[in-house]
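Have a look at the structure below before the remarks.
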Amino acid sequence: MEATLKTVIGGELVELPGTIAGIRAVLDEDQARAFDREIPHVPAAELPARLARWAMGGTGADREDQELFERLERGEDIGAVPAEDDRPEVA
């Protein structure tokens with residue numbers, strides 16, 4: 001069974017490739033070249049986030065995020081809930 005990444009985009013659960021080879025396989029030729037130049041030089045701690053960005057490349061997730069940030073900039077209430085101030089500290 002091939003590893004996948006799961007996320008919600010546009011209110012729908014989306015499964016994305018979850019391996020370096022799987023992500024590369026869904027990229028077009030130009031994207032694959034850029035991926036091959038970038039990924040070997042990504043620090044290990046940043047690799048999961050960078051791979052997720054590549055995996056979500058053609059999904060519209062960036063557009064959805066941008067729209068959310070624009071709403072926040074306008075001061076719209078997006079239904080966010082403030083974190084509790086009395087949460088115990090994690091050691």
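Each chain of the structure tokens is named A, B, ... in the order shown, its residues numbered from 1; ligands are numbered from 1 in display order.
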Could you give me, as a short mmCIF file (atom, residue, chain, number, x, y, z; two decimals) with C-alpha atoms, in the first residue's frame, each residue of chain A that DSSP assigns to alpha helix (DSSP H) when run on this structure's backbone?
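Everything below was put into result05.cif:
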data_model
loop_
_atom_site.label_atom_id
_atom_site.label_comp_id
_atom_site.auth_asym_id
_atom_site.auth_seq_id
_atom_site.Cartn_x
_atom_site.Cartn_y
_atom_site.Cartn_z
CA ILE A 20 9.29 11.49 -2.43
CA ALA A 21 8.96 9.20 -5.47
CA GLY A 22 5.16 9.46 -5.44
CA ILE A 23 5.22 13.23 -5.29
CA ARG A 24 7.79 13.44 -8.07
CA ALA A 25 5.72 11.08 -10.26
CA GLU A 29 8.64 17.75 -16.44
CA ASP A 30 9.53 21.32 -15.44
CA GLN A 31 8.22 20.84 -11.91
CA ALA A 32 10.12 17.56 -11.55
CA ARG A 33 13.38 19.29 -12.50
CA ALA A 34 12.75 22.03 -9.92
CA PHE A 35 11.82 19.38 -7.33
CA ASP A 36 15.03 17.46 -8.07
CA ARG A 37 17.10 20.64 -7.62
CA GLU A 38 15.40 21.65 -4.37
CA LEU A 47 11.53 18.27 4.69
CA PRO A 48 7.97 17.24 5.73
CA ALA A 49 6.58 20.74 5.18
CA ARG A 50 8.42 21.17 1.88
CA LEU A 51 7.21 17.79 0.59
CA ALA A 52 3.64 18.64 1.60
CA ARG A 53 3.91 21.92 -0.33
CA TRP A 54 5.06 20.06 -3.44
CA ALA A 55 2.36 17.40 -3.02
CA ALA A 61 -4.80 24.69 -1.58
CA ASP A 62 -2.59 27.76 -2.07
CA ARG A 63 -5.54 29.72 -3.45
CA GLU A 64 -7.71 28.62 -0.52
CA ASP A 65 -5.01 29.68 1.96
CA GLN A 66 -4.54 33.03 0.22
CA GLU A 67 -8.29 33.71 0.38
CA LEU A 68 -8.28 32.92 4.11
CA PHE A 69 -5.34 35.26 4.75
CA GLU A 70 -7.10 38.03 2.81
CA ARG A 71 -10.20 37.58 4.96
CA LEU A 72 -8.06 37.77 8.10
CA GLU A 73 -6.39 40.95 6.82
#
Which residues are near A:Val8? Cut-off 12 Å, only C-alpha atoms, ignore same chain within fewer than 5 positions. Put them as a PyMOL selection string. chain A and resi 13-16+56+59-61+64-65
One number please: atom CA of A:Pro40 to atom CA of A:Pro17, in Å, one decimal.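 About the pair atom CA of A:Pro40 and atom CA of A:Pro17: they are 18.1 Å apart.
Going from atom CA of A:Thr19 over to atom CA of A:Gly57, you cover 14.6 Å.
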Could you tell me, as a ChimeraX atom specification, which residues of chain A DSSP assigns to strand (DSSP E or B) when given the backbone? /A:4-9,12-17
From the set A:Gly58, A:Ile9, A:Val81, A:Gly75, which residue has the shortest atom-to-atom contact distance to A:Asp28, counting only C-alpha atoms? A:Gly58
